[in-house]
>>> print(open('structure_9.cif').read())   # mmCIF, C-alpha atoms and all ligand atoms
data_coords
#
loop_
_atom_site.label_atom_id
_atom_site.label_comp_id
_atom_site.auth_asym_id
_atom_site.auth_seq_id
_atom_site.Cartn_x
_atom_site.Cartn_y
_atom_site.Cartn_z
CA MET A 1 -5.21 -1.50 -34.20
CA ASN A 2 -2.39 -0.36 -36.46
CA VAL A 3 -1.50 3.29 -36.79
CA THR A 4 0.49 4.51 -39.79
CA ILE A 5 2.11 7.88 -39.28
CA THR A 6 3.06 10.13 -42.16
CA PRO A 7 5.87 12.09 -40.52
CA THR A 8 5.12 15.68 -39.69
CA LEU A 9 5.97 18.02 -36.83
CA LEU A 10 3.23 18.79 -34.31
CA HIS A 11 1.99 22.19 -33.22
CA GLY A 12 -0.48 23.62 -30.72
CA SER A 13 -1.20 23.48 -27.04
CA VAL A 14 -1.66 20.27 -25.10
CA THR A 15 -2.60 19.43 -21.52
CA PRO A 16 -1.29 16.04 -20.40
CA PRO A 17 -3.86 13.64 -18.91
CA PRO A 18 -4.42 13.39 -15.15
CA SER A 19 -1.56 11.64 -13.37
CA LYS A 20 -1.98 7.87 -13.22
CA SER A 21 0.40 7.48 -10.25
CA GLN A 22 -1.23 10.22 -8.22
CA ALA A 23 -4.74 8.97 -9.04
CA HIS A 24 -3.87 5.41 -7.87
CA ARG A 25 -2.63 6.83 -4.59
CA LEU A 26 -5.54 9.17 -3.90
CA LEU A 27 -8.03 6.43 -4.77
CA LEU A 28 -6.40 4.02 -2.34
CA ALA A 29 -6.22 6.57 0.46
CA ALA A 30 -9.88 7.53 -0.13
CA ALA A 31 -10.97 3.88 -0.25
CA LEU A 32 -9.41 3.25 3.16
CA ALA A 33 -10.70 6.40 4.86
CA ASP A 34 -13.66 6.70 7.23
CA GLY A 35 -16.01 8.73 5.05
CA THR A 36 -16.64 10.00 1.54
CA SER A 37 -13.87 11.73 -0.37
CA ALA A 38 -14.22 13.81 -3.52
CA LEU A 39 -11.62 13.26 -6.23
CA ALA A 40 -11.62 15.54 -9.26
CA ASN A 41 -9.82 15.26 -12.62
CA VAL A 42 -9.71 11.47 -12.72
CA ALA A 43 -9.12 9.87 -16.15
CA PHE A 44 -10.24 6.32 -16.75
CA SER A 45 -7.15 4.79 -18.26
CA GLN A 46 -7.11 1.00 -18.11
CA ASP A 47 -4.86 1.07 -15.04
CA ILE A 48 -7.12 3.45 -13.14
CA GLN A 49 -10.16 1.39 -14.10
CA ALA A 50 -8.36 -1.62 -12.64
CA THR A 51 -7.71 0.16 -9.34
CA VAL A 52 -11.32 1.38 -9.09
CA ARG A 53 -12.67 -2.10 -9.83
CA CYS A 54 -10.41 -3.70 -7.22
CA LEU A 55 -11.23 -1.13 -4.54
CA GLU A 56 -14.92 -1.81 -5.13
CA ALA A 57 -14.22 -5.53 -4.82
CA LEU A 58 -12.59 -4.81 -1.45
CA GLY A 59 -15.77 -3.04 -0.31
CA ALA A 60 -15.25 0.66 -1.06
CA ALA A 61 -18.10 2.46 -2.83
CA VAL A 62 -17.18 4.54 -5.87
CA ARG A 63 -19.65 6.87 -7.60
CA GLN A 64 -18.64 8.52 -10.87
CA GLU A 65 -19.84 11.78 -12.35
CA GLY A 66 -17.80 12.72 -15.39
CA ASP A 67 -14.21 13.07 -14.27
CA ARG A 68 -15.20 13.31 -10.60
CA LEU A 69 -15.43 10.44 -8.16
CA ALA A 70 -17.05 10.18 -4.76
CA VAL A 71 -15.27 7.41 -2.88
CA THR A 72 -16.70 6.07 0.36
CA GLY A 73 -13.98 4.37 2.31
CA LEU A 74 -13.91 1.04 4.04
CA ALA A 75 -12.90 2.20 7.51
CA GLY A 76 -15.43 1.30 10.11
CA GLN A 77 -17.49 -0.78 7.65
CA THR A 78 -18.11 -4.42 8.38
CA VAL A 79 -17.34 -6.32 5.24
CA SER A 80 -19.61 -9.30 5.03
CA GLY A 81 -18.71 -12.66 3.56
CA LYS A 82 -15.83 -14.99 4.22
CA GLU A 83 -14.96 -15.45 0.54
CA LEU A 84 -11.71 -13.86 -0.53
CA PRO A 85 -12.37 -10.92 -2.88
CA GLU A 86 -11.49 -11.36 -6.56
CA LEU A 87 -9.24 -8.59 -7.80
CA ASP A 88 -8.65 -8.24 -11.53
CA CYS A 89 -5.65 -5.93 -11.81
CA GLY A 90 -5.60 -5.79 -15.62
CA GLU A 91 -2.00 -5.03 -16.60
CA SER A 92 -1.34 -2.62 -13.77
CA GLY A 93 1.71 -3.38 -11.64
CA SER A 94 0.82 -0.54 -9.30
CA THR A 95 -2.68 -1.91 -8.69
CA LEU A 96 -1.41 -5.41 -7.97
CA ARG A 97 1.53 -4.49 -5.77
CA PHE A 98 -0.33 -1.76 -3.88
CA LEU A 99 -3.32 -3.97 -3.15
CA ILE A 100 -1.69 -7.26 -2.14
CA PRO A 101 -0.89 -6.09 1.43
CA VAL A 102 -4.02 -3.92 1.58
CA ALA A 103 -6.26 -6.91 0.75
CA LEU A 104 -4.49 -8.91 3.46
CA ALA A 105 -5.05 -6.12 5.98
CA VAL A 106 -8.72 -5.43 5.20
CA ARG A 107 -10.06 -8.76 3.92
CA GLY A 108 -7.54 -11.41 5.07
CA GLY A 109 -6.33 -11.84 1.48
CA GLY A 110 -7.51 -11.89 -2.10
CA VAL A 111 -7.49 -13.72 -5.40
CA PHE A 112 -5.57 -11.57 -7.86
CA THR A 113 -5.64 -11.95 -11.61
CA GLY A 114 -3.72 -10.07 -14.27
CA HIS A 115 -3.28 -9.81 -18.01
CA GLY A 116 -0.46 -9.24 -20.47
CA ARG A 117 2.86 -9.57 -18.73
CA LEU A 118 1.59 -8.58 -15.28
CA MET A 119 1.73 -11.93 -13.52
CA GLU A 120 5.29 -12.53 -14.79
CA ARG A 121 6.53 -9.33 -13.16
CA PRO A 122 8.34 -10.07 -9.88
CA GLN A 123 6.56 -10.38 -6.54
CA GLU A 124 9.45 -12.08 -4.68
CA PRO A 125 9.97 -9.32 -2.11
CA TYR A 126 6.39 -9.96 -0.92
CA PHE A 127 6.74 -13.74 -1.13
CA ASP A 128 9.89 -13.63 1.03
CA ILE A 129 7.99 -11.61 3.64
CA PHE A 130 4.97 -13.93 3.46
CA ARG A 131 7.11 -17.04 4.07
CA GLU A 132 8.67 -15.38 7.10
CA LYS A 133 5.30 -14.21 8.46
CA GLY A 134 3.24 -17.33 7.75
CA ILE A 135 1.01 -15.80 5.09
CA SER A 136 0.07 -18.29 2.39
CA TYR A 137 0.46 -17.49 -1.28
CA GLU A 138 -0.01 -19.53 -4.40
CA GLN A 139 0.59 -18.45 -7.96
CA GLN A 140 -0.65 -20.50 -10.89
CA ASP A 141 -2.15 -19.93 -14.34
CA GLY A 142 -2.11 -16.17 -14.04
CA THR A 143 -3.80 -16.15 -10.61
CA LEU A 144 -2.20 -15.22 -7.32
CA THR A 145 -4.01 -16.11 -4.12
CA VAL A 146 -2.78 -14.63 -0.84
CA LYS A 147 -4.34 -15.43 2.49
CA GLY A 148 -3.52 -14.78 6.12
CA GLN A 149 -3.35 -12.32 8.94
CA LEU A 150 -1.08 -9.35 8.39
CA THR A 151 0.49 -8.41 11.71
CA SER A 152 2.41 -5.33 12.73
CA GLY A 153 6.18 -5.65 13.09
CA VAL A 154 9.30 -5.38 10.98
CA TYR A 155 9.05 -5.87 7.21
CA THR A 156 12.38 -6.37 5.46
CA LEU A 157 12.71 -6.09 1.69
CA PRO A 158 15.05 -4.82 -1.04
CA GLY A 159 14.64 -1.26 -2.26
CA ASN A 160 15.72 -1.87 -5.85
CA VAL A 161 13.20 -4.36 -7.29
CA SER A 162 10.24 -2.01 -7.27
CA SER A 163 9.23 0.87 -5.04
CA GLN A 164 5.67 -0.38 -5.47
CA PHE A 165 6.21 -2.94 -2.68
CA VAL A 166 7.08 -0.15 -0.26
CA THR A 167 4.03 1.82 -1.34
CA GLY A 168 1.77 -1.21 -0.82
CA LEU A 169 3.10 -1.69 2.71
CA LEU A 170 2.74 2.02 3.49
CA TYR A 171 -0.98 1.76 2.76
CA ALA A 172 -1.52 -1.48 4.68
CA LEU A 173 0.63 -1.17 7.81
CA PRO A 174 -1.07 1.92 9.33
CA LEU A 175 -4.31 -0.10 9.41
CA LEU A 176 -2.86 -2.69 11.81
CA PRO A 177 -3.22 -2.44 15.59
CA GLY A 178 0.52 -2.11 16.42
CA ASP A 179 3.44 -0.05 15.09
CA SER A 180 5.55 -1.34 12.21
CA GLU A 181 8.83 -0.64 10.48
CA ILE A 182 9.97 -1.24 6.92
CA HIS A 183 13.68 -2.05 6.62
CA LEU A 184 15.28 -1.80 3.20
CA THR A 185 18.24 -4.05 2.49
CA THR A 186 19.35 -2.05 -0.57
CA PRO A 187 19.00 1.64 -1.48
CA LEU A 188 15.54 2.76 -2.55
CA GLU A 189 15.13 3.30 -6.29
CA SER A 190 12.16 5.26 -7.69
CA ALA A 191 12.21 7.03 -4.30
CA ASP A 192 10.05 9.90 -5.52
CA TYR A 193 7.17 7.49 -6.04
CA VAL A 194 7.37 6.63 -2.34
CA TYR A 195 7.45 10.31 -1.40
CA MET A 196 4.35 10.71 -3.57
CA THR A 197 2.73 7.92 -1.53
CA MET A 198 3.62 9.61 1.75
CA ASP A 199 2.26 12.87 0.39
CA ALA A 200 -1.07 11.25 -0.60
CA LEU A 201 -1.40 9.51 2.78
CA ALA A 202 -0.68 12.78 4.58
CA GLN A 203 -3.53 14.48 2.68
CA PHE A 204 -5.87 11.94 4.31
CA GLY A 205 -4.29 12.35 7.74
CA VAL A 206 -2.15 9.20 7.77
CA ALA A 207 1.42 9.83 8.96
CA VAL A 208 4.46 7.68 8.22
CA GLU A 209 8.11 8.56 8.74
CA TYR A 210 11.08 7.89 6.49
CA ASP A 211 14.70 8.44 7.52
CA GLY A 212 15.62 9.08 3.88
CA GLU A 213 17.81 5.97 3.84
CA ARG A 214 16.69 2.48 4.82
CA ILE A 215 13.99 2.78 7.49
CA PHE A 216 10.31 3.70 7.49
CA ARG A 217 8.41 3.98 10.79
CA VAL A 218 4.69 3.36 10.51
CA PRO A 219 2.49 3.97 13.55
CA GLY A 220 -0.43 1.55 13.65
CA ASN A 221 -4.10 2.14 14.39
CA GLN A 222 -4.40 4.97 11.91
CA THR A 223 -7.68 5.65 10.19
CA GLY A 224 -7.56 8.09 7.31
CA HIS A 225 -10.11 10.87 7.05
CA PRO A 226 -11.89 11.84 3.85
CA ALA A 227 -10.44 14.61 1.71
CA ALA A 228 -11.25 16.60 -1.42
CA MET A 229 -8.42 16.38 -3.93
CA THR A 230 -7.77 17.18 -7.58
CA VAL A 231 -5.45 14.92 -9.56
CA GLU A 232 -2.56 16.80 -11.17
CA ALA A 233 -1.52 16.52 -14.81
CA ASP A 234 0.78 13.59 -15.52
CA TRP A 235 4.48 14.40 -15.84
CA SER A 236 5.38 10.90 -17.08
CA ASN A 237 3.12 11.34 -20.10
CA ALA A 238 3.94 15.05 -20.45
CA ALA A 239 7.47 13.78 -21.15
CA PHE A 240 6.37 12.53 -24.59
CA TRP A 241 5.24 16.04 -25.51
CA TYR A 242 8.52 17.42 -24.11
CA ALA A 243 10.30 14.94 -26.38
CA ALA A 244 8.21 16.11 -29.36
CA ALA A 245 9.07 19.73 -28.54
CA TYR A 246 12.77 18.79 -28.28
CA LEU A 247 12.42 17.27 -31.75
CA ASP A 248 11.20 20.63 -33.15
CA SER A 249 7.42 20.35 -32.75
CA LYS A 250 5.98 23.69 -31.59
CA LEU A 251 4.05 22.72 -28.49
CA ASP A 252 2.71 24.69 -25.57
CA ILE A 253 2.48 22.10 -22.79
CA ARG A 254 -0.07 23.29 -20.26
CA GLY A 255 -1.56 22.50 -16.89
CA LEU A 256 1.50 20.98 -15.20
CA ASN A 257 2.38 21.57 -11.56
CA TYR A 258 6.03 22.61 -11.46
CA GLN A 259 6.13 21.95 -7.69
CA SER A 260 4.71 18.46 -8.16
CA ALA A 261 5.73 15.49 -6.02
CA GLN A 262 5.85 13.45 -9.24
CA GLY A 263 9.51 12.54 -9.75
CA ASP A 264 9.10 12.58 -13.53
CA ALA A 265 8.77 16.37 -13.34
CA CYS A 266 12.57 16.21 -13.78
CA ILE A 267 11.93 15.89 -17.55
CA GLY A 268 12.05 19.70 -17.62
CA ARG A 269 15.65 19.63 -16.33
CA LEU A 270 16.64 16.62 -18.46
CA TYR A 271 15.39 18.40 -21.58
CA TRP A 272 18.07 21.04 -21.00
CA THR A 273 20.71 18.38 -20.20
CA LEU A 274 20.13 16.94 -23.66
CA ALA A 275 20.01 20.39 -25.26
CA LYS A 276 23.70 20.92 -24.37
CA PRO A 277 26.22 19.43 -26.81
CA GLY A 278 28.65 16.71 -25.67
CA GLU A 279 28.38 13.32 -24.01
CA ALA A 280 25.45 13.11 -21.56
CA GLU A 281 24.91 10.54 -18.83
CA ILE A 282 21.50 10.35 -17.15
CA ASP A 283 20.86 8.18 -14.09
CA VAL A 284 17.31 6.92 -14.59
CA SER A 285 17.00 4.86 -11.40
CA GLY A 286 14.64 7.49 -9.97
CA CYS A 287 12.61 8.05 -13.14
CA PRO A 288 12.40 4.76 -15.08
CA ASP A 289 9.26 5.74 -17.00
CA LEU A 290 11.15 8.58 -18.68
CA VAL A 291 13.46 6.22 -20.55
CA PRO A 292 11.28 5.81 -23.68
CA PRO A 293 10.86 9.58 -24.27
CA LEU A 294 14.48 10.28 -23.30
CA ALA A 295 15.64 7.58 -25.72
CA ALA A 296 13.67 9.19 -28.58
CA MET A 297 15.30 12.53 -27.74
CA ALA A 298 18.77 10.97 -27.52
CA ALA A 299 18.34 9.17 -30.85
CA LEU A 300 17.82 12.52 -32.57
CA ARG A 301 20.18 14.63 -30.48
CA GLY A 302 22.41 15.55 -33.38
CA VAL A 303 25.03 13.61 -35.30
CA GLY A 304 27.51 11.78 -33.06
CA GLN A 305 26.14 13.10 -29.73
CA VAL A 306 26.35 10.24 -27.24
CA THR A 307 23.77 9.76 -24.48
CA ARG A 308 24.04 7.10 -21.79
CA LEU A 309 20.88 6.18 -19.87
CA VAL A 310 22.28 4.34 -16.85
CA ASN A 311 21.02 2.37 -13.83
CA ALA A 312 18.12 1.10 -15.89
CA ALA A 313 18.02 -2.63 -15.05
CA ARG A 314 14.45 -2.35 -13.72
CA LEU A 315 13.24 -1.36 -17.17
CA ARG A 316 13.35 -5.05 -18.04
CA ILE A 317 10.45 -5.84 -15.69
CA LYS A 318 7.87 -3.31 -16.91
CA GLU A 319 5.03 -3.90 -19.40
CA SER A 320 7.74 -5.07 -21.79
CA ASP A 321 11.47 -5.53 -21.38
CA ARG A 322 11.92 -1.84 -22.11
CA LEU A 323 15.69 -1.95 -22.64
CA ALA A 324 15.10 -4.52 -25.40
CA THR A 325 12.00 -2.90 -26.87
CA VAL A 326 13.37 0.67 -26.88
CA THR A 327 16.45 -0.68 -28.66
CA GLU A 328 14.46 -2.77 -31.14
CA VAL A 329 11.99 -0.05 -32.09
CA LEU A 330 14.45 2.85 -32.36
CA THR A 331 16.96 0.69 -34.26
CA ALA A 332 14.21 -0.31 -36.71
CA LEU A 333 13.51 3.40 -37.29
CA GLY A 334 17.20 3.83 -38.12
CA ALA A 335 18.63 5.04 -34.79
CA GLU A 336 21.93 3.93 -33.26
CA VAL A 337 21.20 2.27 -29.91
CA GLU A 338 23.40 -0.15 -27.95
CA GLU A 339 21.61 -2.28 -25.38
CA HIS A 340 23.55 -3.32 -22.27
CA ALA A 341 22.48 -5.30 -19.20
CA ASP A 342 21.52 -2.19 -17.24
CA HIS A 343 21.98 0.76 -19.57
CA LEU A 344 21.56 2.10 -23.08
CA VAL A 345 24.12 4.00 -25.13
CA ILE A 346 22.51 6.06 -27.86
CA THR A 347 24.42 7.94 -30.55
CA GLY A 348 22.43 10.78 -32.04
CA LYS A 349 21.48 11.48 -35.65
CA ASP A 350 19.79 14.45 -37.33
CA SER A 351 16.89 12.46 -38.72
CA LEU A 352 15.80 8.84 -39.04
CA PRO A 353 14.81 6.98 -42.20
CA GLY A 354 11.66 5.30 -40.78
CA GLY A 355 9.71 3.54 -43.54
CA VAL A 356 9.09 0.47 -41.37
CA THR A 357 6.49 -1.30 -39.26
CA VAL A 358 7.29 -1.58 -35.55
CA SER A 359 5.44 -3.33 -32.75
CA GLY A 360 4.10 -1.35 -29.80
CA HIS A 361 4.96 -4.48 -27.75
CA ASN A 362 1.70 -4.05 -25.83
CA ASP A 363 3.53 -1.30 -23.95
CA HIS A 364 1.98 2.17 -23.91
CA ARG A 365 5.30 3.95 -23.41
CA ILE A 366 6.92 2.12 -26.35
CA ALA A 367 4.04 2.97 -28.71
CA MET A 368 4.14 6.64 -27.64
CA MET A 369 7.94 6.72 -28.06
CA ALA A 370 7.60 5.41 -31.62
CA ALA A 371 4.90 8.00 -32.38
CA ILE A 372 7.12 10.86 -31.21
CA ALA A 373 10.25 9.55 -32.96
CA ALA A 374 8.16 9.21 -36.15
CA THR A 375 7.71 13.00 -36.26
CA ASN A 376 11.39 13.13 -37.29
CA CYS A 377 11.41 10.20 -39.73
CA ALA A 378 11.76 10.55 -43.49
CA ALA A 379 9.20 7.88 -44.46
CA PRO A 380 5.95 6.63 -42.86
CA VAL A 381 6.03 4.48 -39.74
CA THR A 382 3.40 1.90 -38.82
CA ILE A 383 2.90 0.98 -35.16
CA THR A 384 1.05 -2.29 -34.54
CA GLY A 385 -1.04 -2.79 -31.42
CA ALA A 386 -1.22 1.00 -31.07
CA GLU A 387 -4.29 0.79 -28.81
CA CYS A 388 -1.95 -0.16 -25.93
CA VAL A 389 -1.70 3.58 -25.09
CA ARG A 390 -5.01 3.04 -23.23
CA LYS A 391 -3.03 1.75 -20.26
CA SER A 392 -2.13 5.29 -19.22
CA TYR A 393 -3.22 7.72 -21.97
CA PRO A 394 -6.43 6.69 -23.77
CA SER A 395 -6.70 10.01 -25.65
CA PHE A 396 -3.08 9.97 -26.89
CA TRP A 397 -3.90 9.34 -30.57
CA ASP A 398 -6.74 11.90 -30.54
CA GLU A 399 -4.33 14.48 -29.14
CA TYR A 400 -1.65 13.51 -31.67
CA VAL A 401 -4.12 14.15 -34.51
CA ARG A 402 -5.43 17.34 -32.91
CA LEU A 403 -1.81 18.62 -32.86
CA GLY A 404 -1.53 18.04 -36.61
CA GLY A 405 -0.17 14.47 -36.57
CA GLN A 406 -1.13 12.59 -39.72
CA ILE A 407 -2.22 9.06 -39.07
CA THR A 408 -4.27 6.38 -40.74
CA VAL A 409 -5.77 3.64 -38.63
CA SER A 410 -6.29 0.06 -39.76
CA GLU A 411 -7.26 -3.13 -37.99
O1 LIG A 501 4.49 3.73 -7.81
C1 LIG A 501 4.22 4.01 -8.98
O2 LIG A 501 3.19 4.66 -9.29
C2 LIG A 501 5.16 3.60 -10.03
C3 LIG A 501 6.45 3.28 -9.72
C4 LIG A 501 7.48 2.96 -10.74
O3 LIG A 501 7.77 1.58 -10.66
P1 LIG A 501 9.06 0.98 -9.88
O4 LIG A 501 9.07 1.46 -8.51
O5 LIG A 501 8.83 -0.48 -10.01
O6 LIG A 501 10.24 1.46 -10.66
C5 LIG A 501 7.01 3.32 -12.15
O7 LIG A 501 7.83 2.71 -13.11
C6 LIG A 501 5.58 2.90 -12.38
O8 LIG A 501 5.16 3.25 -13.68
C7 LIG A 501 4.65 3.61 -11.42
C1 LIG A 502 5.38 0.48 -15.34
C2 LIG A 502 4.24 1.16 -15.41
O1 LIG A 502 3.13 0.93 -14.63
P1 LIG A 502 2.83 -0.29 -13.64
O2 LIG A 502 4.13 -0.74 -13.03
O3 LIG A 502 1.88 0.26 -12.67
O4 LIG A 502 2.23 -1.39 -14.48
C3 LIG A 502 4.12 2.28 -16.34
O5 LIG A 502 3.09 2.98 -16.31
O6 LIG A 502 5.03 2.53 -17.15
#
>>> encode(input="structure_9.cif", output="structure tokens")
Amino acid sequence: MNVTITPTLLHGSVTPPPSKSQAHRLLLAAALADGTSALANVAFSQDIQATVRCLEALGAAVRQEGDRLAVTGLAGQTVSGKELPELDCGESGSTLRFLIPVALAVRGGGVFTGHGRLMERPQEPYFDIFREKGISYEQQDGTLTVKGQLTSGVYTLPGNVSSQFVTGLLYALPLLPGDSEIHLTTPLESADYVYMTMDALAQFGVAVEYDGERIFRVPGNQTGHPAAMTVEADWSNAAFWYAAAYLDSKLDIRGLNYQSAQGDACIGRLYWTLAKPGEAEIDVSGCPDLVPPLAAMAALRGVGQVTRLVNAARLRIKESDRLATVTEVLTALGAEVEEHADHLVITGKDSLPGGVTVSGHNDHRIAMMAAIAATNCAAPVTITGAECVRKSYPSFWDEYVRLGGQITVSE
């Protein structure tokens, strides 16, 4: 699907969709608990559909009524069958990395498949652990099979490849009979995502400890208890509407929790950082998903205003190489962006020429960035593969139109 945008500012009120990261976490905790949990305000983005499908494949029962889910957890159930479960993770890195250790703990392994770029995204921190612990793994033709007995003990891994490995272990290790520890060999990046994990586990009565530096202590033998939870609005996707507002759209962004555990809530603070004149440097190691909206803001910050988005190496291993795709798309629109190995330097302008076709790179956050930057372009912008927003925000284009955005859709 191609979307052609005739540039116009947006106006009106908008409530961001339910948080994808929080929904993944609550679903996992519910699926491992010893009873039926009630989750409200769940949106069925492709990534959440992937997590639901995989949890069902592991043996949890999920019943849907509108945006509510009743999830009956696995704890205490005897899962029949010796076959390894088949887990189709779609394009969701969270689903894959959260469920690899969980599948080992509850089913002795699994056969994981993925689409798009998913199976090319790194899993080495797990593979290194598996070699040390005698768990077999084999990756070929887009399928990853893991098999073995996960045992309690010390798990050593880097903290700067993806926090998703730590989250996966924090779900799996409490299920084992003995106590475990996670030792990080490098500082933890995206730390707020791990705090969000600990928060979700705590809601279901599972306790883990973090020293704030390199060590997690995870008591074993923990069974979570069911809970009733409502998924918060998504700060990572709210950031695109913040970017639109920064670029002069008149938006009332509603429904957000300002005390949220979502690290991307810092977009509120970063908005004001970019509103001040002068060179700005933003360390994005804790909030990598904000780079596309921040880059759109920086590109239109005002003539000659320099913004540096630093500590961004991990952006290269997302749905696309986001340092390359942010640079390519914004440059095509007429922005001034320098791509470096682990950072971007963006020099602001007052408006962009547009008048081009750009690829969404099968990356929801790149397509949404282009849509927001297009509000400040002089000539129409076409985004190819625009349906990729479904990964986290299926209603994005409907909302864009509802807010006055002018688009035409073609195949
Ligand atoms: O745990 C999560 O929900 C996520 C963690 C982050 O990944 P990294 O920890 O790999 O940076 C983030 O980019 C991703 O969109 C969601
Ligand atoms: C990187 C993302 O998700 P995941 O790693 O779960 O695929 C994202 O939503 O931007």
>>> residues_near_ligand(input="structure_9.cif", ligand="ligand LIG 501 (chain A)", cutoff="10 Å", atoms="only C-alpha atoms and all ligand atoms", output="PyMOL selection string")
chain A and resi 19-25+92-95+97-98+121-122+159-168+188-197+236+262-264+284-291+312-315+317-319+365+392
>>> closest_residue(input="structure_9.cif", among="A:Gly90, A:Pro18, A:Pro219, A:Pro125", to="Phe44 in chain A", atoms="only C-alpha atoms")
A:Pro18
>>> residues_around(input="structure_9.cif", residues="Thr145 in chain A", least_positions_apart="3", cutoff="6 Å", atoms="all atoms listed in the file", output="VMD selection string")
chain A and resid 110 to 111 137 to 138
>>> closest_residue(input="structure_9.cif", among="A:Cys89, A:Val389, A:Ala374, A:Val326", to="Arg117 in chain A", atoms="only C-alpha atoms")
A:Cys89
>>> axis_aligned_box(input="structure_9.cif", around="range 199-215 of chain A", padding_each_side="5 Å", output="lines of an AutoDock Vina configuration file")
center_x = 6.0
center_y = 8.5
center_z = 4.2
size_x = 33.7
size_y = 22.0
size_z = 19.6
>>> closest_residue(input="structure_9.cif", among="A:Val154, A:Leu176, A:Ile366, A:Ala243", to="ligand LIG 502 (chain A)", atoms="all atoms listed in the file")
A:Ile366
>>> closest_residue(input="structure_9.cif", among="A:Cys54, A:Ile253, A:Ile5, A:Ile48", to="ligand LIG 502 (chain A)", atoms="only C-alpha atoms and all ligand atoms")
A:Ile48
>>> closest_residue(input="structure_9.cif", among="A:Ser320, A:Thr113, A:Thr15, A:Thr143", to="ligand LIG 502 (chain A)", atoms="all atoms listed in the file")
A:Ser320
>>> closest_residue(input="structure_9.cif", among="A:Leu58, A:Ile407, A:Leu84, A:Met368", to="ligand LIG 502 (chain A)", atoms="all atoms listed in the file")
A:Met368
>>> residues_around(input="structure_9.cif", residues="Leu247 in chain A", least_positions_apart="2", cutoff="9 Å", atoms="all atoms listed in the file", output="ChimeraX atom specification")
/A:9,242-245,249,296-297,300-301,372-373,375-376
>>> residues_near_point(input="structure_9.cif", point="(-13.5, -14.7, 5.5)", cutoff="8 Å", atoms="all atoms listed in the file", output="JSON, numbers by chain")
{"A": [81, 82, 83, 84, 107, 108]}
>>> residues_around(input="structure_9.cif", residues="Gly405 in chain A", least_positions_apart="5", cutoff="7 Å", atoms="all atoms listed in the file", output="list in words")
Thr8, Leu10 and Tyr400 of chain A
>>> atom_distance(input="structure_9.cif", atom1="CA of Pro17 in chain A", atom2="CA of His225 in chain A")
26.8 Å
>>> residues_near_point(input="structure_9.cif", point="(-11.6, 2.3, -2.0)", cutoff="8 Å", atoms="only C-alpha atoms", output="ChimeraX atom specification")
/A:27-32,52,55-56,58-62,71-74
>>> residues_around(input="structure_9.cif", residues="Asp252 in chain A", least_positions_apart="5", cutoff="7 Å", atoms="only C-alpha atoms", output="number ranges by chain")
A: 12-14
>>> residues_around(input="structure_9.cif", residues="range 279-282 of chain A", least_positions_apart="6", cutoff="7 Å", atoms="only C-alpha atoms", output="PyMOL selection string")
chain A and resi 305-310
>>> atom_distance(input="structure_9.cif", atom1="CA of Thr357 in chain A", atom2="CA of Val381 in chain A")
5.8 Å
>>> atom_distance(input="structure_9.cif", atom1="CA of Glu209 in chain A", atom2="CA of Ile100 in chain A")
21.6 Å
>>> decode(input="structure_9.cif", residues="range 221-234 of chain A", atoms="C-alpha atoms", output="mmCIF file, in the first residue's frame")
data_model
loop_
_atom_site.group_PDB
_atom_site.id
_atom_site.type_symbol
_atom_site.label_atom_id
_atom_site.label_comp_id
_atom_site.auth_asym_id
_atom_site.auth_seq_id
_atom_site.Cartn_x
_atom_site.Cartn_y
_atom_site.Cartn_z
ATOM 1 C CA ASN A 221 10.105 -21.633 42.496
ATOM 2 C CA GLN A 222 7.897 -18.620 41.954
ATOM 3 C CA THR A 223 4.416 -19.035 40.574
ATOM 4 C CA GLY A 224 2.662 -15.861 39.527
ATOM 5 C CA HIS A 225 -0.910 -15.214 40.581
ATOM 6 C CA PRO A 226 -3.608 -13.882 38.268
ATOM 7 C CA ALA A 227 -4.240 -10.154 38.152
ATOM 8 C CA ALA A 228 -6.607 -7.645 36.558
ATOM 9 C CA MET A 229 -4.692 -5.003 34.629
ATOM 10 C CA THR A 230 -5.363 -2.268 32.095
ATOM 11 C CA VAL A 231 -2.748 -1.554 29.446
ATOM 12 C CA GLU A 232 -1.611 2.079 29.412
ATOM 13 C CA ALA A 233 -1.426 4.295 26.346
ATOM 14 C CA ASP A 234 1.800 3.906 24.374
#
